[in-house]
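Q: So here's entry_19.cif (mmCIF, C-alpha atoms).
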```
data_entry
loop_
_atom_site.label_atom_id
_atom_site.label_comp_id
_atom_site.auth_asym_id
_atom_site.auth_seq_id
_atom_site.Cartn_x
_atom_site.Cartn_y
_atom_site.Cartn_z
CA MET A 8 54.18 89.94 99.35
CA GLY A 9 53.88 92.34 102.24
CA ALA A 10 56.88 92.83 104.44
CA SER A 11 59.11 90.74 102.23
CA MET A 12 59.11 93.58 99.72
CA ALA A 13 60.45 96.09 102.26
CA ALA A 14 64.10 97.06 101.92
CA SER A 15 66.49 98.98 104.12
CA HIS A 16 68.68 101.18 101.95
CA ASP A 17 71.85 103.08 102.58
CA SER A 18 71.59 106.87 102.67
CA THR A 19 70.61 108.31 99.29
CA ASP A 20 73.07 111.21 99.27
CA THR A 21 75.19 111.88 96.19
CA THR A 22 78.33 109.91 97.06
CA ASP A 23 79.78 107.67 94.38
CA GLN A 24 78.84 104.55 96.36
CA GLN A 25 75.18 105.43 96.83
CA VAL A 26 73.78 107.67 94.09
CA GLU A 27 75.34 107.63 90.67
CA ARG A 28 74.21 108.82 87.30
CA SER A 29 75.56 107.07 84.29
CA THR A 30 77.64 109.29 82.04
CA ALA A 31 76.91 107.10 79.05
CA ARG A 32 74.92 109.32 76.68
CA GLY A 33 73.73 109.47 73.11
CA LEU A 34 71.06 107.42 71.41
CA LEU A 35 71.81 105.19 68.47
CA SER A 36 71.63 106.75 65.03
CA ARG A 37 69.52 105.05 62.40
CA ALA A 38 72.60 104.27 60.33
CA ARG A 39 74.44 102.74 63.26
CA PHE A 40 71.38 100.71 64.26
CA LEU A 41 71.11 99.27 60.76
CA GLY A 42 74.82 98.50 60.88
CA LEU A 43 74.36 96.55 64.10
CA LEU A 44 71.66 94.50 62.43
CA ALA A 45 74.21 93.10 60.00
CA GLY A 46 75.40 89.55 60.41
CA GLY A 47 72.06 88.02 61.31
CA ALA A 48 70.90 90.23 64.15
CA ALA A 49 67.89 91.47 62.18
CA ALA A 50 66.49 87.96 61.98
CA ALA A 51 66.58 87.69 65.75
CA PHE A 52 63.76 90.20 66.05
CA ILE A 53 61.42 87.68 64.44
CA GLY A 54 61.53 85.73 67.71
CA THR A 55 61.03 88.77 69.93
CA ARG A 56 57.64 89.45 71.48
CA VAL A 57 56.84 93.15 71.89
CA LEU A 58 54.40 93.52 74.76
CA GLY A 59 53.81 97.25 74.38
CA SER A 60 55.00 100.58 75.74
CA VAL A 61 54.66 101.55 79.40
CA GLY A 62 55.94 104.82 80.86
CA GLY A 63 58.43 105.33 78.04
CA TRP A 64 59.55 101.70 78.06
CA ARG A 65 59.09 99.25 75.22
CA ILE A 66 58.63 95.82 76.73
CA ASN A 67 60.45 93.26 74.59
CA THR A 68 60.91 89.65 75.60
CA VAL A 69 62.04 86.35 74.17
CA GLU A 70 60.60 84.42 77.12
CA ARG A 71 57.19 82.82 76.51
CA PRO A 72 55.43 83.06 78.87
CA THR A 73 56.93 85.73 81.11
CA PRO A 74 58.79 83.83 83.85
CA ARG A 75 56.75 83.42 87.02
CA PHE A 76 58.27 84.49 90.32
CA ASP A 77 57.40 82.39 93.38
CA LEU A 78 58.52 84.21 96.52
CA ASP A 79 58.76 81.08 98.64
CA ALA A 80 60.52 78.95 96.05
CA TYR A 81 62.90 81.54 94.58
CA ARG A 82 66.62 81.18 95.16
CA LEU A 83 69.49 83.19 93.74
CA THR A 84 72.35 80.78 93.15
CA VAL A 85 75.90 82.11 92.97
CA ASP A 86 78.29 79.40 91.85
CA GLY A 87 80.90 78.29 89.36
CA LEU A 88 84.55 79.19 89.88
CA VAL A 89 84.20 80.66 93.37
CA GLU A 90 85.55 79.81 96.80
CA ARG A 91 82.23 80.52 98.48
CA PRO A 92 79.22 79.38 96.44
CA MET A 93 75.96 80.51 97.96
CA THR A 94 72.21 80.38 97.64
CA LEU A 95 70.10 83.33 98.73
CA THR A 96 66.36 83.63 99.28
CA TYR A 97 64.64 86.77 98.05
CA ASP A 98 64.54 88.17 101.58
CA GLU A 99 68.24 87.40 102.09
CA LEU A 100 69.05 89.13 98.83
CA ARG A 101 67.19 92.25 99.92
CA ALA A 102 68.99 92.19 103.26
CA LEU A 103 72.41 92.60 101.61
CA PRO A 104 74.03 96.06 101.65
CA ALA A 105 71.81 98.04 99.32
CA VAL A 106 72.50 100.96 97.02
CA ARG A 107 70.42 103.36 94.96
CA GLN A 108 71.51 104.87 91.69
CA VAL A 109 69.93 106.99 88.98
CA SER A 110 70.99 106.17 85.44
CA ASP A 111 69.69 106.26 81.89
CA PHE A 112 68.58 103.16 80.00
CA HIS A 113 69.50 102.84 76.31
CA CYS A 114 68.06 100.23 73.98
CA VAL A 115 70.01 99.22 70.91
CA GLU A 116 66.80 99.83 68.89
CA GLY A 117 67.31 103.57 69.39
CA TRP A 118 64.98 104.49 72.25
CA GLY A 119 65.78 105.13 75.89
CA VAL A 120 64.45 106.11 79.29
CA ASP A 121 66.19 108.82 81.31
CA ASP A 122 66.70 108.99 85.06
CA VAL A 123 65.65 105.48 86.04
CA ARG A 124 65.90 104.96 89.80
CA TRP A 125 67.32 101.54 90.66
CA ASP A 126 67.65 99.92 94.08
CA GLY A 127 69.64 96.75 94.56
CA VAL A 128 73.10 95.33 95.21
CA ARG A 129 76.39 96.22 93.58
CA LEU A 130 77.80 93.37 91.54
CA GLN A 131 81.10 94.06 93.28
CA THR A 132 79.41 93.09 96.54
CA ILE A 133 78.46 89.71 95.07
CA ILE A 134 81.99 89.29 93.73
CA ASP A 135 83.50 90.04 97.13
CA MET A 136 81.16 87.61 98.88
CA ALA A 137 81.73 84.76 96.42
CA ARG A 138 85.51 85.15 96.13
CA PRO A 139 86.19 84.13 92.50
CA THR A 140 89.08 81.76 91.94
CA ALA A 141 92.11 82.76 89.88
CA ASP A 142 90.61 81.03 86.84
CA ALA A 143 87.38 83.05 86.91
CA GLY A 144 87.23 85.89 84.40
CA PHE A 145 83.58 86.20 83.48
CA ILE A 146 80.07 86.09 84.94
CA THR A 147 76.98 84.64 83.27
CA PHE A 148 73.51 85.74 84.37
CA HIS A 149 70.81 83.10 83.92
CA SER A 150 67.09 83.81 83.66
CA LEU A 151 64.25 82.01 85.44
CA GLY A 152 62.84 81.14 82.04
CA ASP A 153 66.08 79.34 81.11
CA VAL A 154 66.07 80.99 77.66
CA TYR A 155 67.74 84.35 78.15
CA ARG A 156 71.23 84.78 79.52
CA ASP A 157 74.06 87.23 79.11
CA SER A 158 77.51 87.81 80.50
CA LEU A 159 80.04 90.36 81.65
CA SER A 160 83.73 90.19 82.36
CA LEU A 161 84.76 90.50 85.99
CA ASP A 162 86.23 93.92 85.24
CA GLN A 163 82.95 95.07 83.71
CA ALA A 164 80.92 93.68 86.60
CA GLY A 165 83.18 95.55 89.00
CA LEU A 166 82.37 98.97 87.54
CA PRO A 167 80.83 101.31 90.11
CA ASP A 168 77.42 101.47 88.40
CA ALA A 169 77.04 97.75 87.63
CA MET A 170 74.40 96.19 89.86
CA ILE A 171 71.58 93.71 90.24
CA ALA A 172 68.33 95.54 90.92
CA TYR A 173 65.12 94.45 92.60
CA ASP A 174 63.36 97.84 92.66
CA MET A 175 62.76 100.34 89.85
CA ASP A 176 61.44 103.85 90.39
CA ASP A 177 60.72 103.20 94.08
CA SER A 178 58.68 100.02 93.53
CA PRO A 179 59.56 96.33 93.22
CA LEU A 180 60.19 95.21 89.67
CA THR A 181 57.08 94.16 87.78
CA PRO A 182 57.09 90.79 85.99
CA ASP A 183 57.62 92.47 82.59
CA HIS A 184 60.60 94.39 83.96
CA GLY A 185 62.31 91.31 85.39
CA LEU A 186 60.83 90.44 88.80
CA PRO A 187 62.59 89.41 90.97
CA LEU A 188 66.00 90.61 89.78
CA ARG A 189 67.65 92.16 86.75
CA THR A 190 71.16 93.15 85.79
CA VAL A 191 71.76 96.89 85.38
CA MET A 192 74.74 97.95 83.26
CA PRO A 193 74.12 101.59 82.26
CA ARG A 194 77.26 101.94 80.12
CA MET A 195 76.03 99.20 77.76
CA PHE A 196 72.89 98.74 75.71
CA GLY A 197 69.91 97.22 77.47
CA TYR A 198 70.19 93.73 75.99
CA LYS A 199 73.14 93.16 78.36
CA GLY A 200 70.78 93.51 81.32
CA ALA A 201 69.42 90.03 81.87
CA LYS A 202 66.00 89.97 83.56
CA TRP A 203 64.45 87.40 85.94
CA VAL A 204 67.94 86.52 87.17
CA THR A 205 68.11 83.31 89.19
CA ARG A 206 71.75 82.30 88.82
CA ILE A 207 75.07 84.15 88.74
CA GLU A 208 77.75 81.82 87.41
CA PHE A 209 81.48 82.56 87.45
CA ARG A 210 83.32 81.10 84.46
CA SER A 211 86.79 80.95 82.92
CA GLU A 212 85.50 81.75 79.42
CA GLN A 213 82.84 84.21 78.34
CA ASP A 214 79.45 82.74 77.67
CA VAL A 215 77.88 83.64 74.33
CA GLY A 216 74.44 84.84 75.31
CA TYR A 217 71.08 84.79 73.58
CA TRP A 218 71.56 87.92 71.47
CA GLN A 219 75.24 87.34 70.79
CA GLN A 220 74.28 84.02 69.21
CA ARG A 221 72.09 86.08 66.87
CA GLY A 222 74.66 88.62 65.79
CA TRP A 223 74.84 91.29 68.49
CA ARG A 224 78.14 92.45 69.97
CA VAL A 225 79.33 90.77 73.17
CA ASP A 226 80.64 94.07 74.57
CA ALA A 227 77.73 96.44 73.97
CA TRP A 228 79.31 99.71 75.03
CA ILE A 229 77.11 102.68 74.15
CA ASN A 230 79.85 105.17 73.28
CA VAL A 231 81.89 103.01 70.92
#
```
Hey, can you dump this file as structure tokens for me?
A:
Amino acid sequence: MGASMAASHDSTDTTDQQVERSTARGLLSRARFLGLLAGGAAAAFIGTRVLGSVGGWRINTVERPTPRFDLDAYRLTVDGLVERPMTLTYDELRALPAVRQVSDFHCVEGWGVDDVRWDGVRLQTIIDMARPTADAGFITFHSLGDVYRDSLSLDQAGLPDAMIAYDMDDSPLTPDHGLPLRTVMPRMFGYKGAKWVTRIEFRSEQDVGYWQQRGWRVDAWINV
């Protein structure tokens, strides 16, 4: 992909806008994990494909096969209840004002990865560019595979560490980690971070995503 993978980032000093570390801490206890499985969530794991463990990560996916990223064909669509709908190529996406943050990743299964370095675009930047209408209160993130999706409220998406990332640990995302784009929401469990994002849709009502349909909480705050 050559030069198209290059990105020009803001300074990586420790200001709130450029380098942030999530303060969300604490892994899930076994008892709490089993509690979250109540109401049908346990059955959802039957449809989950575990691809293995890489660098501390467990690679879980419900997409079969892993969505394929075509650099030339890819477009990020931002639409719904906005004044300025837009469509961005991958290069245009990477040319937006970029930020770097370091935050921990927590999976609802009880494992996590500390100090993940993310590069990408603040969700607040996308919100400001799109100009949501007065009726818009939520954002749905759609996957290239058209199976997985999840959502955040506008207030949640506007948090200072909420972003869409195209690089992880100083390299472009791999296909298993969500190439070309994934949602990063460090204060919530990892299932809220949709991978292979191709559409950001502003809505008046909150979309019930893949895992919420199978029993998981819509608001997956870690420290609740």
Q: I'd like the neighbourhood of Phe148 (chain A) as a ChimeraX atom specification, where a residue qualifies if any of its atoms comes within 12 Å (using all atoms listed in the file), though same-chain residues fewer than 3 positions away should be ignored.
A: /A:83-87,130,145,151-160,164,170-171,188-191,199-210,213-217
Q: Can you write just those residues out, C-alpha atoms, as a JSON list (two decimals), in the frame of the given file?
A:
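Output (result-v8.json):
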```
[["chain", "number", "residue", "atom", "x", "y", "z"],
["A", 83, "LEU", "CA", 69.49, 83.19, 93.74],
["A", 84, "THR", "CA", 72.35, 80.78, 93.15],
["A", 85, "VAL", "CA", 75.90, 82.11, 92.97],
["A", 86, "ASP", "CA", 78.29, 79.40, 91.85],
["A", 87, "GLY", "CA", 80.90, 78.29, 89.36],
["A", 130, "LEU", "CA", 77.80, 93.37, 91.54],
["A", 145, "PHE", "CA", 83.58, 86.20, 83.48],
["A", 151, "LEU", "CA", 64.25, 82.01, 85.44],
["A", 152, "GLY", "CA", 62.84, 81.14, 82.04],
["A", 153, "ASP", "CA", 66.08, 79.34, 81.11],
["A", 154, "VAL", "CA", 66.07, 80.99, 77.66],
["A", 155, "TYR", "CA", 67.74, 84.35, 78.15],
["A", 156, "ARG", "CA", 71.23, 84.78, 79.52],
["A", 157, "ASP", "CA", 74.06, 87.23, 79.11],
["A", 158, "SER", "CA", 77.51, 87.81, 80.50],
["A", 159, "LEU", "CA", 80.04, 90.36, 81.65],
["A", 160, "SER", "CA", 83.73, 90.19, 82.36],
["A", 164, "ALA", "CA", 80.92, 93.68, 86.60],
["A", 170, "MET", "CA", 74.40, 96.19, 89.86],
["A", 171, "ILE", "CA", 71.58, 93.71, 90.24],
["A", 188, "LEU", "CA", 66.00, 90.61, 89.78],
["A", 189, "ARG", "CA", 67.65, 92.16, 86.75],
["A", 190, "THR", "CA", 71.16, 93.15, 85.79],
["A", 191, "VAL", "CA", 71.76, 96.89, 85.38],
["A", 199, "LYS", "CA", 73.14, 93.16, 78.36],
["A", 200, "GLY", "CA", 70.78, 93.51, 81.32],
["A", 201, "ALA", "CA", 69.42, 90.03, 81.87],
["A", 202, "LYS", "CA", 66.00, 89.97, 83.56],
["A", 203, "TRP", "CA", 64.45, 87.40, 85.94],
["A", 204, "VAL", "CA", 67.94, 86.52, 87.17],
["A", 205, "THR", "CA", 68.11, 83.31, 89.19],
["A", 206, "ARG", "CA", 71.75, 82.30, 88.82],
["A", 207, "ILE", "CA", 75.07, 84.15, 88.74],
["A", 208, "GLU", "CA", 77.75, 81.82, 87.41],
["A", 209, "PHE", "CA", 81.48, 82.56, 87.45],
["A", 210, "ARG", "CA", 83.32, 81.10, 84.46],
["A", 213, "GLN", "CA", 82.84, 84.21, 78.34],
["A", 214, "ASP", "CA", 79.45, 82.74, 77.67],
["A", 215, "VAL", "CA", 77.88, 83.64, 74.33],
["A", 216, "GLY", "CA", 74.44, 84.84, 75.31],
["A", 217, "TYR", "CA", 71.08, 84.79, 73.58]]
```
Q: Using all atoms listed in the file for the distances, tell me which of A:Gln131, A:Thr140, A:Gln108, A:Thr94 is nearest to Pro193 (chain A).
A: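 Selected residue with least distance to Pro193 (chain A): A:Gln108.
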Q: Going by the chain IDs and residue numbers used in this file, which residues fall under the PyMOL selection byres ((chain A and resi 196) around 9)? Write them as JSON, numbers by chain.
A: {"A": [112, 113, 114, 115, 192, 193, 194, 195, 197, 198, 199, 200, 227, 228, 229]}
Q: Store the residues of this selection in a file with C-alpha atoms, as a PDB file, keeping the file's coordinate frame.
A:
```
ATOM      1  CA  PHE A 112      68.580 103.160  80.000  1.00  0.00           C
ATOM      2  CA  HIS A 113      69.500 102.840  76.310  1.00  0.00           C
ATOM      3  CA  CYS A 114      68.060 100.230  73.980  1.00  0.00           C
ATOM      4  CA  VAL A 115      70.010  99.220  70.910  1.00  0.00           C
ATOM      5  CA  MET A 192      74.740  97.950  83.260  1.00  0.00           C
ATOM      6  CA  PRO A 193      74.120 101.590  82.260  1.00  0.00           C
ATOM      7  CA  ARG A 194      77.260 101.940  80.120  1.00  0.00           C
ATOM      8  CA  MET A 195      76.030  99.200  77.760  1.00  0.00           C
ATOM      9  CA  GLY A 197      69.910  97.220  77.470  1.00  0.00           C
ATOM     10  CA  TYR A 198      70.190  93.730  75.990  1.00  0.00           C
ATOM     11  CA  LYS A 199      73.140  93.160  78.360  1.00  0.00           C
ATOM     12  CA  GLY A 200      70.780  93.510  81.320  1.00  0.00           C
ATOM     13  CA  ALA A 227      77.730  96.440  73.970  1.00  0.00           C
ATOM     14  CA  TRP A 228      79.310  99.710  75.030  1.00  0.00           C
ATOM     15  CA  ILE A 229      77.110 102.680  74.150  1.00  0.00           C
TER      16      ILE A 229
END
```
Q: How far is it from CA of Leu166 (chain A) to CA of His184 (chain A), in Å with one decimal?
A: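 Straight-line distance from CA of Leu166 (chain A) to CA of His184 (chain A) works out to 22.5 Å.
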Q: What does the distance between CA of Glu90 (chain A) and CA of Ile133 (chain A) come to in Å, to one decimal place?
A: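 CA of Ile133 (chain A) lies 12.3 Å from CA of Glu90 (chain A).
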Q: Given the choices A:Gly127, A:Gly117, A:Leu186, A:Ser150, which gets closest to Ala102 (chain A) if the distance is worked out from all atoms listed in the file?
A: A:Gly127
Q: Between A:Leu100, A:Arg138, A:Trp125, A:Asp226, single out the one closest to Ser178 (chain A), counting only C-alpha atoms.
A: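 Selected residue with least distance to Ser178 (chain A): A:Trp125.
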Q: Report, in Å with one decimal, the straight-line distance from CA of Val128 (chain A) to CA of Pro72 (chain A).
A: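 Distance reported for this atom pair: 27.0 Å.
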Q: Spell out the residues picked by the PyMOL selection byres ((chain A and resi 137) around 7) here, as number ranges by chain.
A: A: 89-92, 133-136, 138-139
Q: What would region 117-150 of chain A look like with N, CA and C atoms in place, written as a PDB file, in the coordinates of the input?
A:
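part_0.pdb, freshly written:
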```pdb
ATOM      1  N   GLY A 117      67.283 102.133  69.595  1.00  0.00           N
ATOM      2  CA  GLY A 117      67.310 103.570  69.390  1.00  0.00           C
ATOM      3  C   GLY A 117      66.502 104.386  70.367  1.00  0.00           C
ATOM      4  N   TRP A 118      65.770 103.751  71.258  1.00  0.00           N
ATOM      5  CA  TRP A 118      64.980 104.490  72.250  1.00  0.00           C
ATOM      6  C   TRP A 118      65.640 104.368  73.615  1.00  0.00           C
ATOM      7  N   GLY A 119      65.218 105.188  74.551  1.00  0.00           N
ATOM      8  CA  GLY A 119      65.780 105.130  75.890  1.00  0.00           C
ATOM      9  C   GLY A 119      64.857 105.740  76.908  1.00  0.00           C
ATOM     10  N   VAL A 120      65.188 105.534  78.177  1.00  0.00           N
ATOM     11  CA  VAL A 120      64.450 106.110  79.290  1.00  0.00           C
ATOM     12  C   VAL A 120      65.465 106.779  80.212  1.00  0.00           C
ATOM     13  N   ASP A 121      65.261 108.068  80.474  1.00  0.00           N
ATOM     14  CA  ASP A 121      66.190 108.820  81.310  1.00  0.00           C
ATOM     15  C   ASP A 121      65.844 108.686  82.794  1.00  0.00           C
ATOM     16  N   ASP A 122      66.870 108.837  83.616  1.00  0.00           N
ATOM     17  CA  ASP A 122      66.700 108.990  85.060  1.00  0.00           C
ATOM     18  C   ASP A 122      65.911 107.854  85.710  1.00  0.00           C
ATOM     19  N   VAL A 123      66.285 106.640  85.400  1.00  0.00           N
ATOM     20  CA  VAL A 123      65.650 105.480  86.040  1.00  0.00           C
ATOM     21  C   VAL A 123      66.264 105.302  87.425  1.00  0.00           C
ATOM     22  N   ARG A 124      65.423 105.160  88.432  1.00  0.00           N
ATOM     23  CA  ARG A 124      65.900 104.960  89.800  1.00  0.00           C
ATOM     24  C   ARG A 124      65.937 103.458  90.094  1.00  0.00           C
ATOM     25  N   TRP A 125      67.128 102.960  90.388  1.00  0.00           N
ATOM     26  CA  TRP A 125      67.320 101.540  90.660  1.00  0.00           C
ATOM     27  C   TRP A 125      67.739 101.355  92.117  1.00  0.00           C
ATOM     28  N   ASP A 126      67.195 100.346  92.755  1.00  0.00           N
ATOM     29  CA  ASP A 126      67.650  99.920  94.080  1.00  0.00           C
ATOM     30  C   ASP A 126      68.054  98.457  93.984  1.00  0.00           C
ATOM     31  N   GLY A 127      69.184  98.119  94.604  1.00  0.00           N
ATOM     32  CA  GLY A 127      69.640  96.750  94.560  1.00  0.00           C
ATOM     33  C   GLY A 127      71.008  96.590  95.202  1.00  0.00           C
ATOM     34  N   VAL A 128      71.808  95.707  94.628  1.00  0.00           N
ATOM     35  CA  VAL A 128      73.100  95.330  95.210  1.00  0.00           C
ATOM     36  C   VAL A 128      74.173  95.496  94.142  1.00  0.00           C
ATOM     37  N   ARG A 129      75.260  96.121  94.499  1.00  0.00           N
ATOM     38  CA  ARG A 129      76.390  96.220  93.580  1.00  0.00           C
ATOM     39  C   ARG A 129      76.872  94.820  93.219  1.00  0.00           C
ATOM     40  N   LEU A 130      77.211  94.643  91.941  1.00  0.00           N
ATOM     41  CA  LEU A 130      77.800  93.370  91.540  1.00  0.00           C
ATOM     42  C   LEU A 130      79.136  93.142  92.248  1.00  0.00           C
ATOM     43  N   GLN A 131      79.838  94.213  92.559  1.00  0.00           N
ATOM     44  CA  GLN A 131      81.100  94.060  93.280  1.00  0.00           C
ATOM     45  C   GLN A 131      80.864  93.428  94.649  1.00  0.00           C
ATOM     46  N   THR A 132      79.731  93.716  95.266  1.00  0.00           N
ATOM     47  CA  THR A 132      79.410  93.090  96.540  1.00  0.00           C
ATOM     48  C   THR A 132      79.277  91.577  96.391  1.00  0.00           C
ATOM     49  N   ILE A 133      78.603  91.146  95.337  1.00  0.00           N
ATOM     50  CA  ILE A 133      78.460  89.710  95.070  1.00  0.00           C
ATOM     51  C   ILE A 133      79.825  89.089  94.795  1.00  0.00           C
ATOM     52  N   ILE A 134      80.646  89.784  94.031  1.00  0.00           N
ATOM     53  CA  ILE A 134      81.990  89.290  93.730  1.00  0.00           C
ATOM     54  C   ILE A 134      82.795  89.115  95.016  1.00  0.00           C
ATOM     55  N   ASP A 135      82.743  90.110  95.876  1.00  0.00           N
ATOM     56  CA  ASP A 135      83.500  90.040  97.130  1.00  0.00           C
ATOM     57  C   ASP A 135      83.002  88.900  98.020  1.00  0.00           C
ATOM     58  N   MET A 136      81.712  88.677  98.050  1.00  0.00           N
ATOM     59  CA  MET A 136      81.160  87.610  98.880  1.00  0.00           C
ATOM     60  C   MET A 136      81.529  86.235  98.341  1.00  0.00           C
ATOM     61  N   ALA A 137      81.508  86.085  97.026  1.00  0.00           N
ATOM     62  CA  ALA A 137      81.730  84.760  96.420  1.00  0.00           C
ATOM     63  C   ALA A 137      83.201  84.392  96.318  1.00  0.00           C
ATOM     64  N   ARG A 138      84.074  85.381  96.241  1.00  0.00           N
ATOM     65  CA  ARG A 138      85.510  85.150  96.130  1.00  0.00           C
ATOM     66  C   ARG A 138      85.870  84.293  94.903  1.00  0.00           C
ATOM     67  N   PRO A 139      85.851  84.882  93.721  1.00  0.00           N
ATOM     68  CA  PRO A 139      86.190  84.130  92.500  1.00  0.00           C
ATOM     69  C   PRO A 139      87.587  83.539  92.591  1.00  0.00           C
ATOM     70  N   THR A 140      87.767  82.374  92.011  1.00  0.00           N
ATOM     71  CA  THR A 140      89.080  81.760  91.940  1.00  0.00           C
ATOM     72  C   THR A 140      89.919  82.472  90.889  1.00  0.00           C
ATOM     73  N   ALA A 141      91.198  82.125  90.833  1.00  0.00           N
ATOM     74  CA  ALA A 141      92.110  82.760  89.880  1.00  0.00           C
ATOM     75  C   ALA A 141      91.714  82.487  88.438  1.00  0.00           C
ATOM     76  N   ASP A 142      91.005  81.387  88.207  1.00  0.00           N
ATOM     77  CA  ASP A 142      90.610  81.030  86.840  1.00  0.00           C
ATOM     78  C   ASP A 142      89.367  81.768  86.377  1.00  0.00           C
ATOM     79  N   ALA A 143      88.633  82.385  87.269  1.00  0.00           N
ATOM     80  CA  ALA A 143      87.380  83.050  86.910  1.00  0.00           C
ATOM     81  C   ALA A 143      87.662  84.391  86.256  1.00  0.00           C
ATOM     82  N   GLY A 144      87.052  84.614  85.091  1.00  0.00           N
ATOM     83  CA  GLY A 144      87.230  85.890  84.400  1.00  0.00           C
ATOM     84  C   GLY A 144      85.941  86.516  83.935  1.00  0.00           C
ATOM     85  N   PHE A 145      84.836  85.742  84.040  1.00  0.00           N
ATOM     86  CA  PHE A 145      83.580  86.200  83.480  1.00  0.00           C
ATOM     87  C   PHE A 145      82.414  85.748  84.359  1.00  0.00           C
ATOM     88  N   ILE A 146      81.288  86.433  84.204  1.00  0.00           N
ATOM     89  CA  ILE A 146      80.070  86.090  84.940  1.00  0.00           C
ATOM     90  C   ILE A 146      78.930  85.942  83.954  1.00  0.00           C
ATOM     91  N   THR A 147      78.187  84.849  84.062  1.00  0.00           N
ATOM     92  CA  THR A 147      76.980  84.640  83.270  1.00  0.00           C
ATOM     93  C   THR A 147      75.763  84.800  84.158  1.00  0.00           C
ATOM     94  N   PHE A 148      74.763  85.528  83.665  1.00  0.00           N
ATOM     95  CA  PHE A 148      73.510  85.740  84.370  1.00  0.00           C
ATOM     96  C   PHE A 148      72.421  84.914  83.696  1.00  0.00           C
ATOM     97  N   HIS A 149      71.822  84.012  84.456  1.00  0.00           N
ATOM     98  CA  HIS A 149      70.810  83.100  83.920  1.00  0.00           C
ATOM     99  C   HIS A 149      69.420  83.550  84.334  1.00  0.00           C
ATOM    100  N   SER A 150      68.467  83.386  83.420  1.00  0.00           N
ATOM    101  CA  SER A 150      67.090  83.810  83.660  1.00  0.00           C
ATOM    102  C   SER A 150      66.248  82.663  84.207  1.00  0.00           C
TER     103      SER A 150
END
```
